[in-house]
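Colleague: You'll find target.txt just under this line, and it carries compact mmCIF, C-alpha atoms and all ligand atoms.
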# COMPACT_ATOMS: atom_id res chain seq x y z
CA MET A 23 83.59 102.45 58.07
CA ALA A 24 84.62 98.79 57.78
CA SER A 25 85.16 97.75 54.18
CA ASN A 26 82.67 94.88 54.48
CA ALA A 27 79.85 97.16 55.68
CA PHE A 28 78.17 96.90 52.30
CA GLN A 29 78.76 93.22 51.66
CA PRO A 30 75.62 91.09 51.23
CA ILE A 31 74.11 89.54 54.35
CA GLN A 32 75.95 86.38 55.44
CA GLY A 33 74.57 83.38 53.58
CA MET A 34 73.33 85.50 50.66
CA SER A 35 75.34 86.08 47.50
CA ASP A 36 75.62 88.24 44.44
CA LEU A 37 75.59 86.30 41.21
CA ASP A 38 77.48 87.65 38.23
CA SER A 39 79.15 86.75 34.96
CA PRO A 40 80.30 84.18 33.96
CA ASP A 41 78.47 82.06 36.61
CA VAL A 42 75.10 83.58 35.76
CA TYR A 43 75.27 81.98 32.28
CA LEU A 44 75.24 78.49 33.77
CA TRP A 45 72.19 79.52 35.83
CA GLN A 46 70.45 80.78 32.71
CA TYR A 47 71.20 77.49 30.95
CA VAL A 48 69.72 75.52 33.87
CA GLU A 49 66.61 77.72 33.96
CA LYS A 50 66.10 77.58 30.19
CA THR A 51 66.49 73.79 30.11
CA ALA A 52 64.08 73.41 33.02
CA ARG A 53 61.46 75.54 31.25
CA GLU A 54 61.83 73.50 28.05
CA VAL A 55 61.52 70.15 29.84
CA PHE A 56 58.59 71.23 32.04
CA GLU A 57 56.67 72.65 29.08
CA ARG A 58 56.98 69.26 27.33
CA TYR A 59 55.08 67.77 30.28
CA ASN A 60 52.42 70.51 30.10
CA PHE A 61 53.57 72.41 33.18
CA GLY A 62 53.11 76.21 32.97
CA GLU A 63 55.03 78.84 34.89
CA VAL A 64 53.59 80.66 37.90
CA ARG A 65 55.20 83.59 39.75
CA THR A 66 53.79 84.09 43.22
CA PRO A 67 54.86 86.83 45.66
CA ILE A 68 58.02 86.31 47.71
CA LEU A 69 56.27 87.80 50.73
CA GLU A 70 53.19 86.02 52.08
CA LYS A 71 51.03 86.20 55.18
CA SER A 72 52.80 84.05 57.81
CA LYS A 73 49.75 81.84 58.22
CA VAL A 74 50.29 80.53 54.66
CA PHE A 75 53.36 78.70 55.98
CA LEU A 76 52.61 78.07 59.65
CA LYS A 77 49.91 75.46 59.31
CA SER A 78 50.90 73.92 55.99
CA LEU A 79 54.58 73.26 56.78
CA GLY A 80 53.84 72.10 60.34
CA ASP A 81 54.33 73.73 63.78
CA THR A 82 57.15 71.43 64.85
CA THR A 83 59.23 71.57 61.67
CA ASP A 84 62.68 73.21 61.75
CA ILE A 85 61.57 75.75 59.16
CA VAL A 86 58.63 77.02 61.19
CA GLN A 87 60.33 76.76 64.58
CA LYS A 88 63.61 78.48 63.79
CA GLU A 89 64.26 79.33 60.16
CA MET A 90 61.58 81.70 58.86
CA TYR A 91 62.25 85.38 58.27
CA SER A 92 59.01 86.70 59.75
CA PHE A 93 58.13 90.22 60.78
CA GLU A 94 55.26 92.56 61.44
CA ASP A 95 54.88 95.21 58.74
CA ARG A 96 53.90 98.83 59.28
CA GLY A 97 50.24 97.85 59.17
CA GLY A 98 50.70 95.25 61.93
CA ARG A 99 50.38 92.31 59.53
CA ASN A 100 52.42 89.16 60.22
CA LEU A 101 54.41 88.42 57.10
CA THR A 102 57.03 85.86 56.10
CA ILE A 103 59.58 85.89 53.29
CA ARG A 104 58.94 82.54 51.65
CA PRO A 105 61.17 79.72 52.95
CA GLU A 106 59.95 77.37 50.20
CA GLY A 107 57.65 77.46 47.18
CA THR A 108 54.94 74.86 47.77
CA ALA A 109 52.78 76.72 50.32
CA GLY A 110 52.52 79.95 48.26
CA THR A 111 51.87 78.02 45.06
CA ILE A 112 49.10 76.00 46.68
CA ARG A 113 47.69 79.19 48.22
CA TYR A 114 47.47 80.55 44.68
CA LEU A 115 46.01 77.35 43.18
CA GLY A 116 43.49 77.09 46.02
CA GLY A 117 42.12 80.48 44.98
CA LEU A 118 41.41 79.25 41.45
CA GLY A 119 38.59 76.93 42.47
CA GLU A 120 38.17 73.72 40.44
CA ASP A 121 40.97 74.64 37.99
CA GLY A 122 43.48 74.78 40.81
CA LEU A 123 42.72 71.25 41.92
CA ASN A 124 44.04 69.67 38.77
CA ALA A 125 46.85 71.99 37.80
CA ARG A 126 50.47 71.65 36.70
CA VAL A 127 52.73 74.57 37.48
CA TYR A 128 56.40 75.31 37.90
CA TYR A 129 58.29 78.18 39.52
CA MET A 130 61.82 79.35 39.98
CA GLY A 131 63.19 81.95 42.34
CA PRO A 132 64.79 82.81 45.66
CA MET A 133 63.78 81.24 48.99
CA PHE A 134 64.92 82.42 52.42
CA ARG A 135 65.76 80.42 55.54
CA CYS A 136 67.58 81.81 58.55
CA GLU A 137 69.88 78.79 58.92
CA ARG A 138 73.51 78.75 60.04
CA PRO A 139 75.34 79.34 56.77
CA GLN A 140 77.75 76.58 55.75
CA ALA A 141 78.79 74.76 52.59
CA GLY A 142 75.59 73.98 50.67
CA ARG A 143 73.39 75.83 53.15
CA LYS A 144 72.52 79.42 52.39
CA ARG A 145 70.10 81.96 53.81
CA GLN A 146 69.01 83.04 50.36
CA PHE A 147 69.03 80.13 47.96
CA HIS A 148 67.11 79.38 44.79
CA GLN A 149 64.68 76.66 43.90
CA ILE A 150 63.26 75.36 40.66
CA GLY A 151 60.08 73.61 41.68
CA VAL A 152 56.96 72.02 40.27
CA GLU A 153 53.56 71.22 41.76
CA ALA A 154 50.91 68.98 40.20
CA THR A 155 47.66 69.06 42.14
CA GLY A 156 45.24 66.17 42.18
CA PRO A 157 44.16 63.32 44.45
CA ALA A 158 46.59 60.52 45.30
CA ASN A 159 47.50 58.71 42.11
CA ALA A 160 50.74 56.73 41.87
CA LEU A 161 50.91 57.48 38.13
CA LEU A 162 51.15 61.23 38.77
CA ASP A 163 53.94 60.73 41.33
CA VAL A 164 55.77 58.58 38.78
CA GLU A 165 55.33 61.16 36.01
CA VAL A 166 56.73 63.95 38.21
CA ILE A 167 59.74 61.90 39.35
CA ALA A 168 60.42 60.79 35.77
CA MET A 169 60.27 64.42 34.63
CA GLN A 170 62.78 65.40 37.29
CA GLU A 171 65.14 62.65 36.20
CA HIS A 172 64.63 63.72 32.59
CA LEU A 173 65.67 67.28 33.49
CA LEU A 174 68.87 66.11 35.17
CA SER A 175 69.79 63.95 32.18
CA GLU A 176 68.98 66.83 29.79
CA LEU A 177 71.37 68.99 31.85
CA GLY A 178 74.03 66.31 31.41
CA LEU A 179 74.46 65.67 35.13
CA PRO A 180 75.72 62.18 35.95
CA GLY A 181 75.75 60.56 39.40
CA ALA A 182 72.39 61.72 40.80
CA ARG A 183 70.69 59.13 43.03
CA ILE A 184 66.94 59.09 43.66
CA VAL A 185 66.02 57.78 47.11
CA LEU A 186 62.40 57.24 47.98
CA ASN A 187 60.12 56.28 50.86
CA SER A 188 56.49 56.63 51.94
CA ARG A 189 54.94 58.73 54.70
CA GLY A 190 51.65 56.84 54.35
CA THR A 191 48.21 58.43 54.41
CA ALA A 192 46.93 60.92 56.99
CA ALA A 193 45.28 57.96 58.74
CA ASP A 194 48.65 56.17 58.96
CA ARG A 195 50.26 59.06 60.83
CA LYS A 196 49.12 58.02 64.29
CA PRO A 197 49.92 54.30 63.99
CA VAL A 198 53.33 55.12 62.50
CA ALA A 199 54.15 57.66 65.24
CA ASP A 200 52.82 55.36 67.99
CA GLY A 201 54.71 52.38 66.57
CA LEU A 202 57.99 54.26 66.33
CA ARG A 203 57.56 55.77 69.79
CA ALA A 204 56.93 52.37 71.36
CA ALA A 205 59.96 50.91 69.57
CA LEU A 206 62.14 53.85 70.67
CA ARG A 207 61.13 53.97 74.35
CA PRO A 208 63.57 51.28 75.50
CA PHE A 209 66.42 53.36 74.00
CA GLU A 210 65.13 56.77 75.13
CA ALA A 211 67.96 57.50 77.58
CA GLU A 212 70.56 56.73 74.91
CA LEU A 213 69.16 59.19 72.36
CA CYS A 214 70.65 62.69 71.94
CA GLU A 215 68.97 65.44 73.95
CA GLU A 216 67.08 66.79 70.95
CA CYS A 217 65.75 63.35 70.00
CA GLN A 218 64.55 62.78 73.56
CA ARG A 219 62.33 65.81 72.96
CA ARG A 220 61.46 64.69 69.43
CA ILE A 221 60.07 61.34 70.61
CA ASP A 222 56.96 63.10 71.84
CA GLN A 223 56.93 66.19 69.62
CA ASN A 224 57.84 64.89 66.18
CA VAL A 225 59.06 61.32 66.36
CA LEU A 226 59.78 61.07 62.60
CA ARG A 227 62.65 63.51 63.04
CA VAL A 228 64.44 60.96 65.22
CA ILE A 229 64.72 58.78 62.12
CA ASP A 230 66.85 61.28 60.22
CA CYS A 231 68.84 62.62 63.18
CA LYS A 232 72.49 63.06 62.16
CA ASN A 233 73.80 61.86 65.55
CA GLU A 234 75.73 58.61 65.09
CA ASN A 235 74.37 57.01 68.25
CA CYS A 236 70.78 57.87 67.33
CA GLN A 237 71.38 56.33 63.91
CA LYS A 238 72.55 53.06 65.49
CA ILE A 239 69.29 52.93 67.45
CA VAL A 240 67.22 53.83 64.39
CA ASP A 241 68.88 50.96 62.49
CA GLN A 242 67.28 48.54 64.95
CA LEU A 243 63.73 49.92 64.57
CA PRO A 244 61.05 48.40 62.37
CA GLU A 245 60.56 50.20 59.06
CA MET A 246 57.94 52.96 59.04
CA ARG A 247 55.95 51.19 56.35
CA GLU A 248 55.38 48.23 58.65
CA PHE A 249 53.00 50.44 60.65
CA MET A 250 51.12 51.63 57.54
CA CYS A 251 47.92 50.24 56.09
CA ALA A 252 48.02 47.79 53.16
CA GLU A 253 46.85 50.51 50.75
CA SER A 254 49.84 52.74 51.56
CA ARG A 255 52.30 49.89 51.20
CA ALA A 256 50.77 48.94 47.85
CA TYR A 257 50.97 52.59 46.70
CA LEU A 258 54.70 52.69 47.49
CA ASP A 259 55.29 49.38 45.72
CA GLU A 260 53.42 50.62 42.66
CA VAL A 261 55.45 53.85 42.43
CA ILE A 262 58.73 51.91 42.63
CA ALA A 263 57.59 49.25 40.14
CA ARG A 264 56.34 51.78 37.58
CA LEU A 265 59.49 53.92 37.82
CA THR A 266 61.61 50.80 37.35
CA ASP A 267 59.45 49.96 34.34
CA LEU A 268 60.24 53.37 32.85
CA GLY A 269 63.94 52.77 33.41
CA VAL A 270 64.13 55.36 36.21
CA ASN A 271 66.45 54.05 38.89
CA VAL A 272 65.22 54.60 42.44
CA GLN A 273 66.42 53.29 45.77
CA TYR A 274 63.96 52.61 48.57
CA ASP A 275 65.28 54.33 51.71
CA ARG A 276 63.48 53.30 54.88
CA LYS A 277 65.02 56.24 56.77
CA LEU A 278 63.94 59.05 54.45
CA VAL A 279 61.27 61.16 56.19
CA ARG A 280 61.68 64.74 54.80
CA GLY A 281 61.38 67.69 57.14
CA LEU A 282 57.96 69.06 56.22
CA ASP A 283 54.64 67.97 57.70
CA TYR A 284 52.49 68.28 54.58
CA TYR A 285 53.81 65.05 53.03
CA CYS A 286 51.86 61.82 52.69
CA HIS A 287 52.54 58.73 50.56
CA THR A 288 55.58 59.16 48.29
CA VAL A 289 58.57 61.22 49.48
CA TRP A 290 61.90 61.37 47.71
CA GLU A 291 65.21 63.12 47.54
CA ILE A 292 67.84 63.37 44.85
CA GLN A 293 71.30 63.05 46.32
CA HIS A 294 74.70 63.67 44.81
CA ASP A 295 78.12 62.76 46.19
CA ALA A 296 79.72 66.00 44.96
CA LEU A 297 77.71 67.92 47.57
CA GLY A 298 79.34 66.67 50.79
CA ALA A 299 77.28 66.75 53.98
CA GLN A 300 74.32 68.67 52.47
CA ASN A 301 73.93 66.03 49.78
CA ALA A 302 70.32 66.69 48.74
CA LEU A 303 70.12 68.24 45.33
CA ALA A 304 66.35 68.16 45.43
CA GLY A 305 63.46 67.08 47.60
CA GLY A 306 59.89 66.26 46.83
CA GLY A 307 56.83 64.31 47.66
CA ARG A 308 53.10 63.87 47.60
CA TYR A 309 51.31 66.18 50.02
CA GLU A 310 48.11 67.58 51.39
CA VAL A 311 48.57 71.29 51.98
CA THR A 312 46.09 73.01 54.27
CA ILE A 313 45.30 76.59 53.30
CA GLY A 314 42.51 78.06 55.38
CA ASN A 315 39.73 75.50 55.39
CA LYS A 316 40.95 73.78 52.21
CA ASN A 317 43.10 70.70 52.09
CA ILE A 318 44.70 70.50 48.65
CA PRO A 319 46.42 67.29 47.52
CA GLY A 320 49.22 67.21 45.02
CA VAL A 321 52.76 66.13 44.30
CA GLY A 322 55.89 68.11 43.52
CA PHE A 323 59.55 68.74 44.05
CA ALA A 324 62.09 71.52 44.34
CA LEU A 325 65.66 71.46 43.10
CA GLY A 326 68.19 73.60 44.96
CA VAL A 327 69.83 75.57 42.17
CA GLU A 328 73.08 76.37 44.06
CA ARG A 329 73.55 72.68 44.86
CA LEU A 330 72.66 71.64 41.32
CA ILE A 331 75.27 74.06 39.95
CA THR A 332 77.89 72.71 42.40
CA ALA A 333 77.22 69.16 41.18
CA MET A 334 77.30 70.23 37.53
CA GLU A 335 80.61 72.05 38.00
CA ALA A 336 82.08 69.00 39.73
CA ALA A 337 81.03 66.99 36.66
CA GLY A 338 83.00 69.39 34.44
CA ILE A 339 80.07 71.48 33.17
CA LYS A 340 81.45 75.01 33.44
CA ALA A 341 79.80 78.41 33.13
CA GLU A 342 82.41 79.55 30.58
CA GLN A 343 80.92 77.30 27.91
CA PHE A 344 77.62 79.22 28.09
CA VAL A 345 79.03 82.75 27.89
CA PRO A 346 77.59 84.33 24.74
CA LYS A 347 80.18 84.97 22.06
CA ALA A 348 81.10 88.63 21.84
CA GLY A 349 80.27 89.44 18.24
CA VAL A 350 81.50 92.68 16.74
CA TRP A 351 83.50 95.67 18.01
CA LEU A 352 83.24 99.02 16.24
CA VAL A 353 86.42 101.09 16.16
CA SER A 354 86.07 104.82 15.50
CA LEU A 355 89.07 106.81 14.30
CA GLY A 356 87.95 110.40 14.82
CA GLU A 357 84.80 112.28 15.73
CA ALA A 358 83.01 111.79 12.38
CA ALA A 359 83.58 108.01 12.51
CA LEU A 360 82.32 107.92 16.11
CA ASN A 361 79.09 109.61 15.04
CA THR A 362 78.59 107.23 12.11
CA ASN A 363 79.35 104.22 14.31
CA LEU A 364 76.71 105.34 16.84
CA LYS A 365 74.08 104.94 14.13
CA LEU A 366 75.66 101.79 12.73
CA ILE A 367 75.78 100.03 16.09
CA GLN A 368 72.06 100.61 16.62
CA GLU A 369 71.35 99.15 13.17
CA LEU A 370 73.54 96.11 13.85
CA ARG A 371 71.96 95.48 17.24
CA LYS A 372 68.47 95.74 15.77
CA ALA A 373 69.56 93.17 13.19
CA GLY A 374 70.34 90.82 16.10
CA ILE A 375 74.10 91.23 16.20
CA LYS A 376 75.84 91.56 19.58
CA CYS A 377 78.26 94.48 19.40
CA GLY A 378 80.08 97.12 21.37
CA MET A 379 82.14 100.27 20.89
CA GLU A 380 83.99 102.95 22.83
CA LEU A 381 81.78 106.00 23.43
CA GLU A 382 84.64 108.48 23.14
CA THR A 383 87.50 108.97 20.72
CA LYS A 384 90.50 106.93 21.79
CA SER A 385 93.61 105.65 20.07
CA MET A 386 93.31 102.72 17.65
CA LYS A 387 95.55 100.69 19.98
CA ALA A 388 93.32 101.34 23.03
CA GLN A 389 90.19 100.42 21.06
CA MET A 390 91.71 97.22 19.66
CA ARG A 391 92.77 96.24 23.18
CA LYS A 392 89.18 96.66 24.33
CA ALA A 393 87.93 94.61 21.37
CA ASN A 394 90.30 91.80 22.31
CA ARG A 395 89.26 91.93 25.94
CA ALA A 396 85.61 91.65 24.89
CA GLY A 397 86.54 88.59 22.79
CA ALA A 398 85.17 90.19 19.61
CA HIS A 399 85.14 88.00 16.51
CA TYR A 400 85.11 90.92 14.11
CA CYS A 401 86.15 94.56 14.25
CA VAL A 402 84.65 97.22 12.04
CA ILE A 403 87.27 99.93 11.67
CA LEU A 404 86.09 103.32 10.48
CA GLY A 405 88.25 106.39 9.81
CA ASP A 406 87.95 109.56 7.74
CA ASP A 407 89.32 107.84 4.62
CA GLU A 408 86.88 104.97 4.81
CA LEU A 409 84.01 107.36 5.56
CA ALA A 410 84.76 109.42 2.49
CA LYS A 411 84.48 106.26 0.37
CA GLY A 412 81.40 104.95 2.19
CA MET A 413 83.44 101.91 3.22
CA ALA A 414 84.69 100.28 6.42
CA VAL A 415 87.48 97.83 7.15
CA LEU A 416 86.21 94.49 8.43
CA LYS A 417 88.81 92.58 10.40
CA ASN A 418 88.44 88.92 11.39
CA MET A 419 90.05 88.89 14.83
CA GLU A 420 90.80 85.17 14.88
CA GLU A 421 92.41 84.94 11.44
CA GLY A 422 93.76 88.48 11.28
CA ALA A 423 92.45 88.84 7.70
CA GLN A 424 90.83 92.14 6.73
CA SER A 425 88.74 93.36 3.83
CA ASP A 426 86.93 96.51 2.71
CA VAL A 427 83.14 96.39 2.91
CA ALA A 428 80.63 99.03 1.78
CA LEU A 429 78.83 100.52 4.79
CA THR A 430 75.52 99.70 3.11
CA ASP A 431 76.50 95.98 2.95
CA LEU A 432 77.85 95.77 6.47
CA VAL A 433 74.74 94.45 8.21
CA ASN A 434 74.24 91.67 5.64
CA GLU A 435 77.92 90.81 5.62
CA LEU A 436 78.05 90.49 9.42
CA LYS A 437 74.81 88.55 9.59
CA LYS A 438 76.42 85.89 7.40
P1 LIG B 1 63.28 71.10 50.73
O1 LIG B 1 63.84 69.72 50.83
O2 LIG B 1 63.17 71.88 51.98
O3 LIG B 1 61.87 70.94 50.05
O4 LIG B 1 64.13 71.96 49.69
C1 LIG B 1 64.34 71.47 48.39
C2 LIG B 1 65.79 71.71 47.99
O5 LIG B 1 66.16 73.07 48.18
C3 LIG B 1 66.81 70.93 48.83
O6 LIG B 1 66.96 69.61 48.38
C4 LIG B 1 68.07 71.74 48.58
O7 LIG B 1 68.67 71.38 47.35
C5 LIG B 1 67.53 73.15 48.48
N1 LIG B 1 67.73 73.85 49.77
C6 LIG B 1 66.94 73.82 50.86
N2 LIG B 1 67.44 74.59 51.85
C7 LIG B 1 68.58 75.12 51.36
C8 LIG B 1 69.57 76.03 51.89
N3 LIG B 1 69.46 76.55 53.11
N4 LIG B 1 70.61 76.36 51.08
C9 LIG B 1 70.74 75.86 49.85
N5 LIG B 1 69.83 75.01 49.29
C10 LIG B 1 68.77 74.65 50.04
C11 LIG B 1 61.02 71.98 49.77
O8 LIG B 1 61.33 73.13 49.85
C12 LIG B 1 59.69 71.52 49.26
N6 LIG B 1 58.85 72.71 49.04
C13 LIG B 1 59.84 70.71 47.99
C14 LIG B 1 58.55 70.25 47.44
C15 LIG B 1 57.86 70.79 46.41
N7 LIG B 1 57.82 69.24 47.90
C16 LIG B 1 56.72 69.13 47.19
N8 LIG B 1 56.73 70.10 46.30
Now, as a test, write the supplied structure out as structure tokens.

Modeller:
Amino acid sequence: MASNAFQPIQGMSDLDSPDVYLWQYVEKTAREVFERYNFGEVRTPILEKSKVFLKSLGDTTDIVQKEMYSFEDRGGRNLTIRPEGTAGTIRYLGGLGEDGLNARVYYMGPMFRCERPQAGRKRQFHQIGVEATGPANALLDVEVIAMQEHLLSELGLPGARIVLNSRGTAADRKPVADGLRAALRPFEAELCEECQRRIDQNVLRVIDCKNENCQKIVDQLPEMREFMCAESRAYLDEVIARLTDLGVNVQYDRKLVRGLDYYCHTVWEIQHDALGAQNALAGGGRYEVTIGNKNIPGVGFALGVERLITAMEAAGIKAEQFVPKAGVWLVSLGEAALNTNLKLIQELRKAGIKCGMELETKSMKAQMRKANRAGAHYCVILGDDELAKGMAVLKNMEEGAQSDVALTDLVNELKK
């Protein structure tokens, strides 16, 4: 059998030490920051009925058209492994009645999109996201964006750029699409094949097409906001002005559209140069998510954890600095010492001390080698002589100094 037969699926990865410690630091910091803003954690299922995503994300979006892992289960139900966190979270909040319409929640976990794997684009990736439900209110958008910037600064990440635009209200959708279509028609034959289709199906996607020629055409179009009502333009201006007031730097980007249909009003992305082509560290926006017959408004964002970690590592923040210090290693010289150490190690661990030991009798040299490999700060060395006296030898591994300590004092001594 080929040796890679049991490798993870392409675009999905195992995560292990030491990298996992940087992830834990990111997750812990996110929890601390979000709690300060009164956001509480929610954990929704990874598997949802497909209809949770189909309508809310939009029929013509890339995710729905070609990226969802969907299947029929043994009971003939159409299910989808979540490609993003907003739809499931809003499905949950929608079920709470009034409470869900004015809620602040955050989530973290894996998302799945069947995309072509490449640098920065995975099939299983992880998001840390937040959703704040409530009717359109520029102040809430500002608070959520400011919280996101706060998190990045708390993580010590320099160089993140917030770019922002508006998708206007639901009523603006038609005038914006009609306006863009009319402006694009004279160039239709020059657009890439996909954009020629997009003009009629989802004209906004022409705006963020990566094709160079399409971009040259887009540069000549009027800005989307010119087709929006005065209220939408004022909303965008207010969000930018209030963020600037708070000292949060944002750049208006007339070409930012975001690839999900539930957005209205504010949309934004956080970009970072360390990420290369897939430069979006995070995406967010104000939305109206349709679940069943309910249309739930809110605002939120999701950070891509893999991309965030890449940017942090490029900024010199390394996983090694978060690896917990290996505390104490117990060395047993003989069977009797091994038995005593088995009780001692339990006592030390219950006292909150990280420790390890060999679970069989081995030479002193082999055990000390293991202690060094584990990076132990102290070794407790126990042999027949020490046992007879009710003592142990405590060795400071960094300084090399050693002293005799009564077994009954060991826990207190090590806790110091
Ligand atoms: P999104 O822009 O599709 O938005 O994803 C958010 C972030 O997830 C991206 O900026 C990126 O960092 C990361 N990401 C997305 N796809 C991949 C991938 N294939 N591989 C690695 N990272 C990826 C959403 O998902 C919205 N639900 C965000 C939101 C929440 N809007 C309002 N509330």

Colleague: Please work out which residues fall within 8 Å of (45.3, 75.5, 43.8), coordinates as given in the file, with only C-alpha atoms counting, and return them as a PDB file with C-alpha atoms, keeping the file's coordinate frame.

Modeller:
ATOM      1  CA  THR A 111      51.870  78.020  45.060  1.00  0.00           C
ATOM      2  CA  ILE A 112      49.100  76.000  46.680  1.00  0.00           C
ATOM      3  CA  ARG A 113      47.690  79.190  48.220  1.00  0.00           C
ATOM      4  CA  TYR A 114      47.470  80.550  44.680  1.00  0.00           C
ATOM      5  CA  LEU A 115      46.010  77.350  43.180  1.00  0.00           C
ATOM      6  CA  GLY A 116      43.490  77.090  46.020  1.00  0.00           C
ATOM      7  CA  GLY A 117      42.120  80.480  44.980  1.00  0.00           C
ATOM      8  CA  LEU A 118      41.410  79.250  41.450  1.00  0.00           C
ATOM      9  CA  GLY A 119      38.590  76.930  42.470  1.00  0.00           C
ATOM     10  CA  ASP A 121      40.970  74.640  37.990  1.00  0.00           C
ATOM     11  CA  GLY A 122      43.480  74.780  40.810  1.00  0.00           C
ATOM     12  CA  LEU A 123      42.720  71.250  41.920  1.00  0.00           C
ATOM     13  CA  ASN A 124      44.040  69.670  38.770  1.00  0.00           C
ATOM     14  CA  ALA A 125      46.850  71.990  37.800  1.00  0.00           C
ATOM     15  CA  THR A 155      47.660  69.060  42.140  1.00  0.00           C
ATOM     16  CA  ILE A 318      44.700  70.500  48.650  1.00  0.00           C
TER      17      ILE A 318
END

Colleague: Pick from A:Phe209, A:Tyr59, A:Tyr257, A:Phe134: nearest to A:Val240, with all atoms listed in the file counted?

Modeller: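 Distance minimum relative to A:Val240 lands on A:Phe209.
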
Colleague: Around ligand LIG 1 (chain B), out to 8 Å and counting only C-alpha atoms and all ligand atoms, which residues are there? I want them as a ChimeraX atom specification.

Modeller: /A:105-109,134-137,139,142-149,151-153,280-282,285,291-292,300-309,321-330

Colleague: Tell me, in Å to one decimal, how far atom CA of A:Thr430 is from atom CA of A:Ser385.

Modeller: 25.5 Å

Colleague: Find the residues around A:Leu364 up to 12 Å (all atoms listed in the file counted), leave out those fewer than 4 positions away in its own chain, and share them as a ChimeraX atom specification.

Modeller: /A:351-354,357-360,368-371,377-382,404

Colleague: So which residues touch stretch 81-93 of chain A within 12 Å, counting all atoms listed in the file, skipping near sequence neighbours fewer than 3 positions away, as a CSV table (one decimal) with C-alpha atoms, keeping the file's coordinate frame?

Modeller:
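Dumped to around.csv:
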chain,number,residue,atom,x,y,z
A,68,ILE,CA,58.0,86.3,47.7
A,69,LEU,CA,56.3,87.8,50.7
A,70,GLU,CA,53.2,86.0,52.1
A,71,LYS,CA,51.0,86.2,55.2
A,72,SER,CA,52.8,84.0,57.8
A,73,LYS,CA,49.8,81.8,58.2
A,74,VAL,CA,50.3,80.5,54.7
A,75,PHE,CA,53.4,78.7,56.0
A,76,LEU,CA,52.6,78.1,59.6
A,77,LYS,CA,49.9,75.5,59.3
A,78,SER,CA,50.9,73.9,56.0
A,96,ARG,CA,53.9,98.8,59.3
A,97,GLY,CA,50.2,97.8,59.2
A,98,GLY,CA,50.7,95.2,61.9
A,99,ARG,CA,50.4,92.3,59.5
A,100,ASN,CA,52.4,89.2,60.2
A,101,LEU,CA,54.4,88.4,57.1
A,102,THR,CA,57.0,85.9,56.1
A,103,ILE,CA,59.6,85.9,53.3
A,104,ARG,CA,58.9,82.5,51.6
A,105,PRO,CA,61.2,79.7,53.0
A,106,GLU,CA,60.0,77.4,50.2
A,133,MET,CA,63.8,81.2,49.0
A,134,PHE,CA,64.9,82.4,52.4
A,135,ARG,CA,65.8,80.4,55.5
A,136,CYS,CA,67.6,81.8,58.6
A,137,GLU,CA,69.9,78.8,58.9
A,138,ARG,CA,73.5,78.8,60.0
A,139,PRO,CA,75.3,79.3,56.8
A,144,LYS,CA,72.5,79.4,52.4
A,145,ARG,CA,70.1,82.0,53.8
A,146,GLN,CA,69.0,83.0,50.4
A,219,ARG,CA,62.3,65.8,73.0
A,220,ARG,CA,61.5,64.7,69.4
A,221,ILE,CA,60.1,61.3,70.6
A,222,ASP,CA,57.0,63.1,71.8
A,223,GLN,CA,56.9,66.2,69.6
A,224,ASN,CA,57.8,64.9,66.2
A,225,VAL,CA,59.1,61.3,66.4
A,226,LEU,CA,59.8,61.1,62.6
A,227,ARG,CA,62.6,63.5,63.0
A,279,VAL,CA,61.3,61.2,56.2
A,280,ARG,CA,61.7,64.7,54.8
A,281,GLY,CA,61.4,67.7,57.1
A,282,LEU,CA,58.0,69.1,56.2
A,283,ASP,CA,54.6,68.0,57.7
A,284,TYR,CA,52.5,68.3,54.6

Colleague: For stretch 333-343 of chain A, find every residue with an atom within 6 Å (counting only C-alpha atoms), except residues of its own chain fewer than 2 positions away, and show them as number ranges by chain.

Modeller: A: 40-41, 43-44, 179, 296, 330-331, 345
